Structure formats: C-alpha cells, structure tokens
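Remarks on the structure that follows.
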Amino acid sequence: MSLPVIDLGAATPVPTPTTRPFWDAAREGRLSVQHCDSCSSYLFYPRLACVECGSRRLSWVETSGRATLLSYVIVHMPAPGFEEAAPYTLAIVRLAEGPTMMTNIVGVEPRPENLVLDMNLEVSFENRGGWVVPVFTPVVEAGR
Ligand SMILES: [Zn+2]
C-alpha cells in the first residue's frame, strides 16, 4: 500500500492584508512582528487585534532577530514537497521580543546534540521558490 501523494503547491504563502507586511519585510531581510501601541506587547503571528488587550492599534516593527530554542523535532518523514530537505529541524523559537514562531533551524546537522533547548539563535533568511522565509541558526558563543 502506498500513501497518496498530496499536491501541496498551494502550501506556499498567500499574503493577506494582515500578513503582507511580514512577507514584504522578509523579502528585504528583516524579521518584523506586530507591536501593540496600546500595551506594548509584541505579536506573532499577524493579527487584527492585540491578544493581550484587544487593541487594534498595531504597528509593524523590526525585531532584533535574536531568539532562543523552545522546542523542536527532527523531521525524517517530511510533508509532501519537503522530501529533499529531510532530515530537517522544525522548531518553535521564542523571539527576544517575546512571541513564539515556528521555523526551521539551519546551519547545523539536525541531531539532538546540536540542538540544546534555550540555545541562542539568530535569524537568517532562505529563498524558497521565490518566497523568502525566516529561519534560525545557532549563535556561536565567544570562547566556545
Ligand atoms: Zn495590547
């Protein structure tokens, strides 16, 4: 028995008016998230209103690009369309500004000994079929 092959051609991002600033910034090599101008929370993913206070006074700000590793899995059985990338690391990172983001960890072999929870990460960007997506790489600490 073989599993059905699912055409995920539609899995590429489809920006909406709410998410377009994120993709436009990524294309310029900037990781941007929303900032609530009422309570100063940072928000990701893009929303119409602040999850903390409900305000619609949101603006887009560039982040520091720094994050820490919150959780990850090493994907050996990839989703359709990602076969050539496997194994790869699918992670949840916590941005220095606070929000969490699902992303990939790149620049290190996807092995547990290379992926230490709370490790420092920095953003980089990959062009995937015309879409520029943020990914993260471990920060090489001085003195190590
Ligand atoms: Zn708020």
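Ligands are numbered from 1 in the order shown, chains are lettered A, B, ... in the order of the structure tokens, and residues start at 1 in each chain.
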Which polymer residues have any atom within 7 Å of an atom of segment 44-50 of chain A, counting only C-alpha atoms, with same-chain residues fewer than 4 positions away left out, as a list in words? Thr18, Thr19, Val33, Gln34, Cys36, Gly54, Ser55, Arg56, Pro99, Thr100 and Met101 of chain A
Selection from above, N, CA, C and O atoms, as a PDB file, in the first residue's frame, can you write it?
ATOM      1  N   THR A  18      -3.378  41.471   6.265  1.00  0.00           N
ATOM      2  CA  THR A  18      -2.840  41.392   7.619  1.00  0.00           C
ATOM      3  C   THR A  18      -1.411  40.845   7.642  1.00  0.00           C
ATOM      4  O   THR A  18      -0.584  41.275   8.449  1.00  0.00           O
ATOM      5  N   THR A  19      -1.121  39.892   6.759  1.00  0.00           N
ATOM      6  CA  THR A  19       0.190  39.235   6.811  1.00  0.00           C
ATOM      7  C   THR A  19       1.199  39.795   5.819  1.00  0.00           C
ATOM      8  O   THR A  19       2.396  39.524   5.952  1.00  0.00           O
ATOM      9  N   VAL A  33       7.515  41.876  13.317  1.00  0.00           N
ATOM     10  CA  VAL A  33       6.317  41.405  14.010  1.00  0.00           C
ATOM     11  C   VAL A  33       5.473  42.626  14.338  1.00  0.00           C
ATOM     12  O   VAL A  33       5.918  43.767  14.218  1.00  0.00           O
ATOM     13  N   GLN A  34       4.261  42.362  14.766  1.00  0.00           N
ATOM     14  CA  GLN A  34       3.392  43.462  15.158  1.00  0.00           C
ATOM     15  C   GLN A  34       3.682  43.878  16.599  1.00  0.00           C
ATOM     16  O   GLN A  34       4.049  43.051  17.436  1.00  0.00           O
ATOM     17  N   CYS A  36       1.870  46.179  19.737  1.00  0.00           N
ATOM     18  CA  CYS A  36       0.654  46.851  20.176  1.00  0.00           C
ATOM     19  C   CYS A  36       1.020  48.222  20.736  1.00  0.00           C
ATOM     20  O   CYS A  36       1.792  48.320  21.705  1.00  0.00           O
ATOM     21  N   GLY A  54      -6.661  43.563  23.251  1.00  0.00           N
ATOM     22  CA  GLY A  54      -7.744  43.725  22.294  1.00  0.00           C
ATOM     23  C   GLY A  54      -7.646  44.960  21.412  1.00  0.00           C
ATOM     24  O   GLY A  54      -8.475  45.162  20.527  1.00  0.00           O
ATOM     25  N   SER A  55      -6.635  45.766  21.642  1.00  0.00           N
ATOM     26  CA  SER A  55      -6.494  46.987  20.858  1.00  0.00           C
ATOM     27  C   SER A  55      -6.237  46.672  19.390  1.00  0.00           C
ATOM     28  O   SER A  55      -5.594  45.682  19.053  1.00  0.00           O
ATOM     29  N   ARG A  56      -6.725  47.538  18.526  1.00  0.00           N
ATOM     30  CA  ARG A  56      -6.416  47.419  17.103  1.00  0.00           C
ATOM     31  C   ARG A  56      -5.310  48.389  16.701  1.00  0.00           C
ATOM     32  O   ARG A  56      -5.007  48.541  15.516  1.00  0.00           O
ATOM     33  N   PRO A  99       7.281  36.914  21.390  1.00  0.00           N
ATOM     34  CA  PRO A  99       6.426  35.947  20.698  1.00  0.00           C
ATOM     35  C   PRO A  99       7.179  34.677  20.319  1.00  0.00           C
ATOM     36  O   PRO A  99       8.408  34.685  20.207  1.00  0.00           O
ATOM     37  N   THR A 100       6.416  33.603  20.111  1.00  0.00           N
ATOM     38  CA  THR A 100       6.998  32.369  19.600  1.00  0.00           C
ATOM     39  C   THR A 100       6.714  32.270  18.108  1.00  0.00           C
ATOM     40  O   THR A 100       5.777  32.882  17.590  1.00  0.00           O
ATOM     41  N   MET A 101       7.556  31.481  17.433  1.00  0.00           N
ATOM     42  CA  MET A 101       7.463  31.362  15.985  1.00  0.00           C
ATOM     43  C   MET A 101       7.874  29.955  15.578  1.00  0.00           C
ATOM     44  O   MET A 101       8.873  29.445  16.067  1.00  0.00           O
TER      45      MET A 101
END
Atom CA of Glu126 of chain A to atom CA of Leu58 of chain A: how many Å, to one decimal?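 The value is 27.0 Å.
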Check the smallest atom-to-atom distance from each of A:Val123, A:His35, A:Ala67, A:Asn114 to Cys53 of chain A using only C-alpha atoms, then report the winner. A:His35
Rows by chain and residue number, segment 84-107 of chain A within 9 Å of segment 115-120 of chain A, shortest pair, only C-alpha atoms, as CSV:
residue,atom,partner,partner_atom,distance
A:Val93,CA,A:Asp118,CA,8.8
A:Arg94,CA,A:Asp118,CA,8.9
A:Ile105,CA,A:Leu115,CA,8.7
Writer output for current selection, C-alpha atoms, as an mmCIF file, in the first residue's frame:
data_model
loop_
_atom_site.group_PDB
_atom_site.id
_atom_site.type_symbol
_atom_site.label_atom_id
_atom_site.label_comp_id
_atom_site.auth_asym_id
_atom_site.auth_seq_id
_atom_site.Cartn_x
_atom_site.Cartn_y
_atom_site.Cartn_z
ATOM 1 C CA VAL A 93 11.650 29.566 18.922
ATOM 2 C CA ARG A 94 10.962 32.392 21.334
ATOM 3 C CA ILE A 105 16.895 25.556 12.448
#
List every residue of segment 19-126 of chain A that DSSP, applied to the backbone of this structure, places in alpha helix (DSSP H), and write the result as a PyMOL selection string. chain A and resi 20-27
Looking at only C-alpha atoms and all ligand atoms, which of A:Leu31, A:Ala26, A:Leu43, A:Pro15 is the one that sits closest to ligand 1? A:Leu43
Let's see if you can do this: from backbone DSSP, list all strand (DSSP E) residues in chain A, as JSON, numbers by chain. {"A": [32, 33, 34, 35, 36, 42, 43, 58, 59, 60, 61, 62, 66, 67, 68, 69, 70, 71, 72, 73, 74, 75, 88, 89, 90, 91, 92, 93, 94, 95, 100, 101, 102, 103, 104, 105, 120, 121, 122, 123, 124, 125, 126, 127, 128, 131, 132, 133, 134, 135, 136, 137, 138]}
Quote the spacing between atom CA of Glu109 of chain A and atom CA of Phe22 of chain A in Å to one decimal place.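 So the two atoms, atom CA of Glu109 of chain A and atom CA of Phe22 of chain A, lie 27.9 Å apart.
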